[in-house]
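A quick write-up on the structure given underneath.
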Amino acid sequence: MIVPVTTVELFNVVRIKPEAAELLHAITEQQLADWEGEWVPELFKAMQRLRRADVERRQWPQSRHWDWRKKAAVLQGMLANPGFSIVCDGLTQGMMIVDTVKHQARIEGQQGKHLVYVMFVENAPWNRAELFDPPRYRGVGSILIRAAVALSEELEFHGRIGLHSLPQANEFYANTCGMTDLGADPEHDSLRYFEMTPEQAQAFIAKGA
Amino acid sequence: MGAKRTMTLNLTEAEMEVLTALSAKKDLSKTALLRQALRLYQVVEARLESGNKLFFEDEVTKEKAEVMML
């Protein structure tokens, strides 16, 4: 299988300059090996530090139980569930899996229209400011959300996307991405549901980083 | 997205009417609607093959009706 690749840029926080990266329109065995061999041990060490510093559990990474190998295996070959990943400096820096059939828009005026639903999106542990000071790269989340918007446009969903946000990411989706917060969803563990309209998608893309 | 291949599709008048109406309702081109239908069909087949059943649930009464797949 040929994996489409787009060149993107991440911001290297330590070197204080942009760095070339690749957006893969897939999650390959290399990404899963990076997750197992690099992400999981770093996440484990970061959680040890949080525990030793008596940080409350609710402030620990809320995606800490995610098993990307299992997720990728279940969705393998499904046209409705493409994956995306970002590689920089030879390592996977972020991953995302979306769904293109099971969810429809909820915002007034968009109801019933198709959208790209972001099922899972995660940054490598060393890029997360709550775990590493300073984090290594900035911009991973924005590039992945832009990839979801681009897919939505490619499928003629006009940039509409939706997602349920883990509490630690609410501010990112509301302020950085400019999505509408439709409130806590009792059918999704009371996670807040965010949606991006075609107009918001245009504004987000126009904003760049 | 990967490279695309072209195919010719022959539809009856009734099928074309439905395709036209659905694509207008969903604000999609006919091609986009058929691609969406293919993705959905694959999901349904995969779930049925793994032993799941397909239901529609009435939002108000919560009454469920099983969809028979042939």
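Naming works like this for the structure tokens: A, B, ... for the chains as they're shown, residue 1 at the start of each chain, ligands 1 onward in shown order.
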
*asked:* Could you tell me which residues of chain B sit within 8 Å of chain A when counting only C-alpha atoms, and give me the result as a VMD selection string?
replied: chain B and resid 1 to 2 26 to 29 32 36 39 to 40 42 to 43

Can those selected residues be exported to a file as a PDB file, in the first residue's frame so that it contains N, CA and C atoms?
ATOM      1  N   MET B   1      -5.652  10.999   0.622  1.00  0.00           N
ATOM      2  CA  MET B   1      -6.421  10.072  -0.191  1.00  0.00           C
ATOM      3  C   MET B   1      -5.566   9.516  -1.318  1.00  0.00           C
ATOM      4  N   GLY B   2      -5.796   8.255  -1.664  1.00  0.00           N
ATOM      5  CA  GLY B   2      -5.033   7.631  -2.720  1.00  0.00           C
ATOM      6  C   GLY B   2      -5.541   8.044  -4.096  1.00  0.00           C
ATOM      7  N   LYS B  26     -28.397  15.707   0.966  1.00  0.00           N
ATOM      8  CA  LYS B  26     -27.174  15.642   1.774  1.00  0.00           C
ATOM      9  C   LYS B  26     -26.102  16.631   1.310  1.00  0.00           C
ATOM     10  N   ASP B  27     -26.430  17.414   0.289  1.00  0.00           N
ATOM     11  CA  ASP B  27     -25.483  18.425  -0.191  1.00  0.00           C
ATOM     12  C   ASP B  27     -24.174  17.779  -0.658  1.00  0.00           C
ATOM     13  N   LEU B  28     -24.308  16.673  -1.376  1.00  0.00           N
ATOM     14  CA  LEU B  28     -23.148  15.941  -1.890  1.00  0.00           C
ATOM     15  C   LEU B  28     -23.337  15.725  -3.384  1.00  0.00           C
ATOM     16  N   SER B  29     -22.235  15.595  -4.116  1.00  0.00           N
ATOM     17  CA  SER B  29     -22.347  15.180  -5.521  1.00  0.00           C
ATOM     18  C   SER B  29     -22.758  13.707  -5.537  1.00  0.00           C
ATOM     19  N   ALA B  32     -19.816  11.592  -4.517  1.00  0.00           N
ATOM     20  CA  ALA B  32     -19.531  11.638  -3.078  1.00  0.00           C
ATOM     21  C   ALA B  32     -20.557  10.823  -2.306  1.00  0.00           C
ATOM     22  N   GLN B  36     -19.809   7.564   0.011  1.00  0.00           N
ATOM     23  CA  GLN B  36     -20.254   7.526   1.405  1.00  0.00           C
ATOM     24  C   GLN B  36     -21.062   6.241   1.651  1.00  0.00           C
ATOM     25  N   ARG B  39     -18.726   3.300   2.070  1.00  0.00           N
ATOM     26  CA  ARG B  39     -18.101   3.265   3.408  1.00  0.00           C
ATOM     27  C   ARG B  39     -19.089   2.738   4.447  1.00  0.00           C
ATOM     28  N   LEU B  40     -20.333   3.213   4.366  1.00  0.00           N
ATOM     29  CA  LEU B  40     -21.352   2.794   5.330  1.00  0.00           C
ATOM     30  C   LEU B  40     -21.667   1.300   5.172  1.00  0.00           C
ATOM     31  N   GLN B  42     -19.731  -1.031   4.083  1.00  0.00           N
ATOM     32  CA  GLN B  42     -18.625  -1.833   4.615  1.00  0.00           C
ATOM     33  C   GLN B  42     -18.700  -1.915   6.144  1.00  0.00           C
ATOM     34  N   VAL B  43     -19.071  -0.794   6.796  1.00  0.00           N
ATOM     35  CA  VAL B  43     -19.201  -0.794   8.265  1.00  0.00           C
ATOM     36  C   VAL B  43     -20.297  -1.761   8.688  1.00  0.00           C
TER      37      VAL B  43
END

*Write out as a VMD selection string all residues of region 107-180 of chain A that DSSP puts in helix (DSSP H, G or I) for this structure's backbone.*
chain A and resid 125 to 127 140 to 154 167 to 176

Could you pull out all residues of chain A with a DSSP call of strand (DSSP E) and give them as a PDB file with N, CA and C atoms, in the first residue's frame?
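Output saved as out35.pdb:
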ATOM      1  N   VAL A   5       1.755  11.118   1.625  1.00  0.00           N
ATOM      2  CA  VAL A   5       2.505  11.891   2.625  1.00  0.00           C
ATOM      3  C   VAL A   5       2.469  13.365   2.240  1.00  0.00           C
ATOM      4  N   THR A   6       2.211  14.221   3.211  1.00  0.00           N
ATOM      5  CA  THR A   6       2.237  15.666   2.997  1.00  0.00           C
ATOM      6  C   THR A   6       3.340  16.254   3.866  1.00  0.00           C
ATOM      7  N   THR A   7       4.093  17.201   3.308  1.00  0.00           N
ATOM      8  CA  THR A   7       5.133  17.853   4.106  1.00  0.00           C
ATOM      9  C   THR A   7       4.498  18.962   4.954  1.00  0.00           C
ATOM     10  N   VAL A   8       4.829  18.958   6.235  1.00  0.00           N
ATOM     11  CA  VAL A   8       4.310  19.985   7.157  1.00  0.00           C
ATOM     12  C   VAL A   8       5.474  20.499   8.007  1.00  0.00           C
ATOM     13  N   GLU A   9       5.174  21.423   8.895  1.00  0.00           N
ATOM     14  CA  GLU A   9       6.215  21.949   9.790  1.00  0.00           C
ATOM     15  C   GLU A   9       5.738  21.913  11.228  1.00  0.00           C
ATOM     16  N   LEU A  10       6.582  21.437  12.122  1.00  0.00           N
ATOM     17  CA  LEU A  10       6.335  21.549  13.560  1.00  0.00           C
ATOM     18  C   LEU A  10       7.280  22.605  14.101  1.00  0.00           C
ATOM     19  N   PHE A  11       6.932  23.154  15.253  1.00  0.00           N
ATOM     20  CA  PHE A  11       7.820  24.135  15.869  1.00  0.00           C
ATOM     21  C   PHE A  11       8.629  23.457  16.958  1.00  0.00           C
ATOM     22  N   ASN A  12       9.955  23.441  16.787  1.00  0.00           N
ATOM     23  CA  ASN A  12      10.836  22.848  17.791  1.00  0.00           C
ATOM     24  C   ASN A  12      11.014  23.857  18.933  1.00  0.00           C
ATOM     25  N   LYS A  17      12.748  26.990  16.570  1.00  0.00           N
ATOM     26  CA  LYS A  17      12.634  27.182  15.112  1.00  0.00           C
ATOM     27  C   LYS A  17      11.775  26.068  14.514  1.00  0.00           C
ATOM     28  N   PRO A  18      11.180  26.356  13.341  1.00  0.00           N
ATOM     29  CA  PRO A  18      10.350  25.338  12.690  1.00  0.00           C
ATOM     30  C   PRO A  18      11.213  24.188  12.181  1.00  0.00           C
ATOM     31  N   GLU A  19      10.594  23.008  12.085  1.00  0.00           N
ATOM     32  CA  GLU A  19      11.317  21.821  11.627  1.00  0.00           C
ATOM     33  C   GLU A  19      10.409  21.047  10.660  1.00  0.00           C
ATOM     34  N   ALA A  20      10.992  20.553   9.573  1.00  0.00           N
ATOM     35  CA  ALA A  20      10.204  19.812   8.581  1.00  0.00           C
ATOM     36  C   ALA A  20       9.698  18.503   9.177  1.00  0.00           C
ATOM     37  N   ALA A  21       8.446  18.178   8.868  1.00  0.00           N
ATOM     38  CA  ALA A  21       7.843  16.937   9.357  1.00  0.00           C
ATOM     39  C   ALA A  21       6.984  16.357   8.236  1.00  0.00           C
ATOM     40  N   GLU A  22       6.523  15.127   8.435  1.00  0.00           N
ATOM     41  CA  GLU A  22       5.675  14.480   7.438  1.00  0.00           C
ATOM     42  C   GLU A  22       4.330  14.129   8.048  1.00  0.00           C
ATOM     43  N   LEU A  23       3.269  14.481   7.326  1.00  0.00           N
ATOM     44  CA  LEU A  23       1.926  14.049   7.710  1.00  0.00           C
ATOM     45  C   LEU A  23       1.593  12.822   6.866  1.00  0.00           C
ATOM     46  N   LEU A  24       1.514  11.677   7.502  1.00  0.00           N
ATOM     47  CA  LEU A  24       1.170  10.435   6.804  1.00  0.00           C
ATOM     48  C   LEU A  24      -0.341  10.244   6.855  1.00  0.00           C
ATOM     49  N   GLY A  83      -6.709   6.693   9.258  1.00  0.00           N
ATOM     50  CA  GLY A  83      -5.814   7.167  10.313  1.00  0.00           C
ATOM     51  C   GLY A  83      -4.819   8.155   9.737  1.00  0.00           C
ATOM     52  N   PHE A  84      -4.269   8.974  10.602  1.00  0.00           N
ATOM     53  CA  PHE A  84      -3.257   9.961  10.221  1.00  0.00           C
ATOM     54  C   PHE A  84      -2.166   9.951  11.277  1.00  0.00           C
ATOM     55  N   SER A  85      -0.960  10.304  10.868  1.00  0.00           N
ATOM     56  CA  SER A  85       0.123  10.397  11.853  1.00  0.00           C
ATOM     57  C   SER A  85       1.138  11.441  11.381  1.00  0.00           C
ATOM     58  N   ILE A  86       1.892  11.956  12.332  1.00  0.00           N
ATOM     59  CA  ILE A  86       2.931  12.942  12.012  1.00  0.00           C
ATOM     60  C   ILE A  86       4.271  12.379  12.456  1.00  0.00           C
ATOM     61  N   VAL A  87       5.246  12.430  11.545  1.00  0.00           N
ATOM     62  CA  VAL A  87       6.590  11.947  11.857  1.00  0.00           C
ATOM     63  C   VAL A  87       7.563  13.117  11.738  1.00  0.00           C
ATOM     64  N   CYS A  88       8.404  13.275  12.758  1.00  0.00           N
ATOM     65  CA  CYS A  88       9.422  14.320  12.743  1.00  0.00           C
ATOM     66  C   CYS A  88      10.626  13.793  13.506  1.00  0.00           C
ATOM     67  N   LEU A  91      10.644  10.096  14.482  1.00  0.00           N
ATOM     68  CA  LEU A  91       9.717   9.533  15.472  1.00  0.00           C
ATOM     69  C   LEU A  91       8.283  10.013  15.234  1.00  0.00           C
ATOM     70  N   THR A  92       7.331   9.174  15.602  1.00  0.00           N
ATOM     71  CA  THR A  92       5.926   9.551  15.501  1.00  0.00           C
ATOM     72  C   THR A  92       5.606  10.573  16.584  1.00  0.00           C
ATOM     73  N   GLN A  93       5.055  11.712  16.150  1.00  0.00           N
ATOM     74  CA  GLN A  93       4.793  12.807  17.094  1.00  0.00           C
ATOM     75  C   GLN A  93       3.319  12.956  17.443  1.00  0.00           C
ATOM     76  N   GLY A  94       2.455  12.302  16.664  1.00  0.00           N
ATOM     77  CA  GLY A  94       1.025  12.374  16.941  1.00  0.00           C
ATOM     78  C   GLY A  94       0.265  11.415  16.050  1.00  0.00           C
ATOM     79  N   MET A  95      -0.913  10.993  16.510  1.00  0.00           N
ATOM     80  CA  MET A  95      -1.742  10.080  15.717  1.00  0.00           C
ATOM     81  C   MET A  95      -3.213  10.458  15.864  1.00  0.00           C
ATOM     82  N   MET A  96      -3.990  10.098  14.837  1.00  0.00           N
ATOM     83  CA  MET A  96      -5.435  10.404  14.865  1.00  0.00           C
ATOM     84  C   MET A  96      -6.181   9.359  14.046  1.00  0.00           C
ATOM     85  N   ILE A  97      -7.355   8.961  14.533  1.00  0.00           N
ATOM     86  CA  ILE A  97      -8.267   8.100  13.768  1.00  0.00           C
ATOM     87  C   ILE A  97      -9.615   8.809  13.715  1.00  0.00           C
ATOM     88  N   VAL A  98     -10.219   8.855  12.536  1.00  0.00           N
ATOM     89  CA  VAL A  98     -11.506   9.541  12.387  1.00  0.00           C
ATOM     90  C   VAL A  98     -12.574   8.561  11.900  1.00  0.00           C
ATOM     91  N   ASP A  99     -13.819   9.011  11.972  1.00  0.00           N
ATOM     92  CA  ASP A  99     -14.943   8.236  11.440  1.00  0.00           C
ATOM     93  C   ASP A  99     -15.718   9.128  10.486  1.00  0.00           C
ATOM     94  N   VAL A 116     -16.803  14.792   9.531  1.00  0.00           N
ATOM     95  CA  VAL A 116     -15.709  13.902   9.927  1.00  0.00           C
ATOM     96  C   VAL A 116     -15.626  13.966  11.447  1.00  0.00           C
ATOM     97  N   TYR A 117     -15.825  12.821  12.086  1.00  0.00           N
ATOM     98  CA  TYR A 117     -15.788  12.765  13.547  1.00  0.00           C
ATOM     99  C   TYR A 117     -14.414  12.260  13.991  1.00  0.00           C
ATOM    100  N   VAL A 118     -13.760  13.044  14.839  1.00  0.00           N
ATOM    101  CA  VAL A 118     -12.439  12.661  15.334  1.00  0.00           C
ATOM    102  C   VAL A 118     -12.633  11.703  16.512  1.00  0.00           C
ATOM    103  N   MET A 119     -12.312  10.439  16.290  1.00  0.00           N
ATOM    104  CA  MET A 119     -12.505   9.434  17.342  1.00  0.00           C
ATOM    105  C   MET A 119     -11.382   9.513  18.383  1.00  0.00           C
ATOM    106  N   PHE A 120     -10.156   9.520  17.890  1.00  0.00           N
ATOM    107  CA  PHE A 120      -8.997   9.544  18.792  1.00  0.00           C
ATOM    108  C   PHE A 120      -7.922  10.437  18.187  1.00  0.00           C
ATOM    109  N   VAL A 121      -7.372  11.310  19.002  1.00  0.00           N
ATOM    110  CA  VAL A 121      -6.221  12.099  18.567  1.00  0.00           C
ATOM    111  C   VAL A 121      -5.309  12.253  19.779  1.00  0.00           C
ATOM    112  N   GLU A 122      -4.035  12.009  19.575  1.00  0.00           N
ATOM    113  CA  GLU A 122      -3.098  12.062  20.717  1.00  0.00           C
ATOM    114  C   GLU A 122      -1.730  12.557  20.272  1.00  0.00           C
ATOM    115  N   ASN A 123      -1.136  13.328  21.146  1.00  0.00           N
ATOM    116  CA  ASN A 123       0.196  13.872  20.962  1.00  0.00           C
ATOM    117  C   ASN A 123       1.204  12.937  21.642  1.00  0.00           C
ATOM    118  N   TYR A 137       7.904  19.487  20.637  1.00  0.00           N
ATOM    119  CA  TYR A 137       7.335  20.106  19.420  1.00  0.00           C
ATOM    120  C   TYR A 137       5.958  20.697  19.703  1.00  0.00           C
ATOM    121  N   ARG A 138       5.678  21.815  19.049  1.00  0.00           N
ATOM    122  CA  ARG A 138       4.356  22.437  19.103  1.00  0.00           C
ATOM    123  C   ARG A 138       3.736  22.348  17.718  1.00  0.00           C
ATOM    124  N   ILE A 161     -16.382  19.144  11.044  1.00  0.00           N
ATOM    125  CA  ILE A 161     -15.836  18.069  11.880  1.00  0.00           C
ATOM    126  C   ILE A 161     -16.491  18.146  13.259  1.00  0.00           C
ATOM    127  N   GLY A 162     -16.424  17.046  13.991  1.00  0.00           N
ATOM    128  CA  GLY A 162     -16.967  17.011  15.349  1.00  0.00           C
ATOM    129  C   GLY A 162     -16.124  16.095  16.208  1.00  0.00           C
ATOM    130  N   LEU A 163     -16.193  16.281  17.511  1.00  0.00           N
ATOM    131  CA  LEU A 163     -15.436  15.415  18.429  1.00  0.00           C
ATOM    132  C   LEU A 163     -15.913  15.599  19.860  1.00  0.00           C
ATOM    133  N   HIS A 164     -15.674  14.576  20.668  1.00  0.00           N
ATOM    134  CA  HIS A 164     -15.855  14.684  22.108  1.00  0.00           C
ATOM    135  C   HIS A 164     -14.468  14.905  22.708  1.00  0.00           C
ATOM    136  N   SER A 165     -14.342  15.944  23.499  1.00  0.00           N
ATOM    137  CA  SER A 165     -13.020  16.349  23.985  1.00  0.00           C
ATOM    138  C   SER A 165     -12.755  15.818  25.389  1.00  0.00           C
ATOM    139  N   THR A 180     -17.321  25.184  18.052  1.00  0.00           N
ATOM    140  CA  THR A 180     -18.445  25.512  18.942  1.00  0.00           C
ATOM    141  C   THR A 180     -18.588  24.426  20.004  1.00  0.00           C
ATOM    142  N   ASP A 181     -18.684  24.850  21.258  1.00  0.00           N
ATOM    143  CA  ASP A 181     -18.857  23.932  22.382  1.00  0.00           C
ATOM    144  C   ASP A 181     -20.350  23.692  22.568  1.00  0.00           C
ATOM    145  N   LEU A 182     -20.800  22.468  22.299  1.00  0.00           N
ATOM    146  CA  LEU A 182     -22.224  22.163  22.436  1.00  0.00           C
ATOM    147  C   LEU A 182     -22.543  21.531  23.797  1.00  0.00           C
ATOM    148  N   GLY A 183     -21.581  21.578  24.699  1.00  0.00           N
ATOM    149  CA  GLY A 183     -21.854  21.154  26.069  1.00  0.00           C
ATOM    150  C   GLY A 183     -21.556  19.700  26.346  1.00  0.00           C
ATOM    151  N   ALA A 184     -21.745  19.323  27.614  1.00  0.00           N
ATOM    152  CA  ALA A 184     -21.469  17.951  28.049  1.00  0.00           C
ATOM    153  C   ALA A 184     -22.484  16.998  27.433  1.00  0.00           C
ATOM    154  N   ASP A 185     -21.996  15.874  26.935  1.00  0.00           N
ATOM    155  CA  ASP A 185     -22.868  14.893  26.289  1.00  0.00           C
ATOM    156  C   ASP A 185     -23.053  13.703  27.220  1.00  0.00           C
ATOM    157  N   LEU A 191     -18.462  13.958  28.361  1.00  0.00           N
ATOM    158  CA  LEU A 191     -17.415  14.743  27.692  1.00  0.00           C
ATOM    159  C   LEU A 191     -18.095  15.855  26.893  1.00  0.00           C
ATOM    160  N   ARG A 192     -17.427  16.992  26.747  1.00  0.00           N
ATOM    161  CA  ARG A 192     -18.000  18.089  25.996  1.00  0.00           C
ATOM    162  C   ARG A 192     -17.873  17.793  24.491  1.00  0.00           C
ATOM    163  N   TYR A 193     -18.961  18.097  23.765  1.00  0.00           N
ATOM    164  CA  TYR A 193     -18.970  17.856  22.321  1.00  0.00           C
ATOM    165  C   TYR A 193     -18.697  19.179  21.591  1.00  0.00           C
ATOM    166  N   PHE A 194     -17.706  19.138  20.715  1.00  0.00           N
ATOM    167  CA  PHE A 194     -17.328  20.328  19.930  1.00  0.00           C
ATOM    168  C   PHE A 194     -17.582  20.055  18.448  1.00  0.00           C
ATOM    169  N   GLU A 195     -18.007  21.094  17.752  1.00  0.00           N
ATOM    170  CA  GLU A 195     -18.240  20.940  16.314  1.00  0.00           C
ATOM    171  C   GLU A 195     -17.702  22.158  15.578  1.00  0.00           C
ATOM    172  N   MET A 196     -17.233  21.925  14.364  1.00  0.00           N
ATOM    173  CA  MET A 196     -16.714  23.000  13.514  1.00  0.00           C
ATOM    174  C   MET A 196     -17.611  23.108  12.286  1.00  0.00           C
TER     175      MET A 196
END

*Contacts of region 9-14 of chain B at 12 Å or less, counting only C-alpha atoms, minus same-chain residues fewer than 5 places along, as a list in words?*
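The neighbour list is Leu19, Thr20, Ala21, Lys30, Thr31 and Leu34 of chain B.
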
Output for the residues just chosen: N, CA and C atoms as a tab-separated table (two decimals), in the first residue's frame:
chain	number	residue	atom	x	y	z
B	19	LEU	N	-30.89	8.61	-6.20
B	19	LEU	CA	-29.53	9.14	-6.07
B	19	LEU	C	-29.53	10.67	-6.16
B	20	THR	N	-30.31	11.19	-7.10
B	20	THR	CA	-30.39	12.65	-7.27
B	20	THR	C	-31.00	13.31	-6.03
B	21	ALA	N	-32.08	12.71	-5.53
B	21	ALA	CA	-32.76	13.30	-4.36
B	21	ALA	C	-31.86	13.25	-3.13
B	30	LYS	N	-23.18	13.24	-6.70
B	30	LYS	CA	-23.59	11.83	-6.79
B	30	LYS	C	-22.41	10.91	-6.47
B	31	THR	N	-21.23	11.29	-6.95
B	31	THR	CA	-20.04	10.48	-6.67
B	31	THR	C	-19.76	10.43	-5.17
B	34	LEU	N	-22.25	8.17	-3.38
B	34	LEU	CA	-22.01	6.74	-3.58
B	34	LEU	C	-20.78	6.27	-2.80

*Do a neighbour search on Phe55 (chain B) at 6 Å with only C-alpha atoms, toss out local chain neighbours closer than 3 positions, and write the hits as JSON, numbers by chain.*
{"B": [65, 66, 67]}

With N, CA and C atoms retained, write the just-selected residues as a PDB file, in the first residue's frame.
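Writing done, so here's selection.pdb:
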ATOM      1  N   ALA B  65     -36.185  -1.338  16.231  1.00  0.00           N
ATOM      2  CA  ALA B  65     -36.645  -2.176  15.126  1.00  0.00           C
ATOM      3  C   ALA B  65     -35.417  -2.732  14.427  1.00  0.00           C
ATOM      4  N   GLU B  66     -35.357  -4.047  14.328  1.00  0.00           N
ATOM      5  CA  GLU B  66     -34.193  -4.663  13.710  1.00  0.00           C
ATOM      6  C   GLU B  66     -34.273  -4.526  12.191  1.00  0.00           C
ATOM      7  N   VAL B  67     -33.167  -4.214  11.579  1.00  0.00           N
ATOM      8  CA  VAL B  67     -33.106  -4.142  10.119  1.00  0.00           C
ATOM      9  C   VAL B  67     -32.631  -5.484   9.613  1.00  0.00           C
TER      10      VAL B  67
END

Pick out the residues sitting within 7 Å of region 57-72 of chain A, and hand them over as a CSV table (one decimal) with N, CA and C atoms, in the first residue's frame; count only C-alpha atoms, and ignore anything fewer than 4 positions along from it in its own chain.
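Result file part38.csv:
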chain,number,residue,atom,x,y,z
A,32,LEU,N,3.0,2.3,15.3
A,32,LEU,CA,2.6,1.5,16.4
A,32,LEU,C,3.8,1.0,17.2
A,47,MET,N,4.0,9.7,34.3
A,47,MET,CA,3.0,9.5,35.3
A,47,MET,C,3.7,9.2,36.7
A,76,GLN,N,-8.6,-1.6,11.0
A,76,GLN,CA,-7.8,-2.0,9.8
A,76,GLN,C,-8.7,-2.2,8.6
A,166,LEU,N,-11.5,15.3,25.6
A,166,LEU,CA,-11.1,15.1,27.0
A,166,LEU,C,-11.0,16.4,27.7

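The interatomic distance for the pair CA of Thr6 (chain B) and CA of Lys25 (chain B) works out to 24.6 Å.
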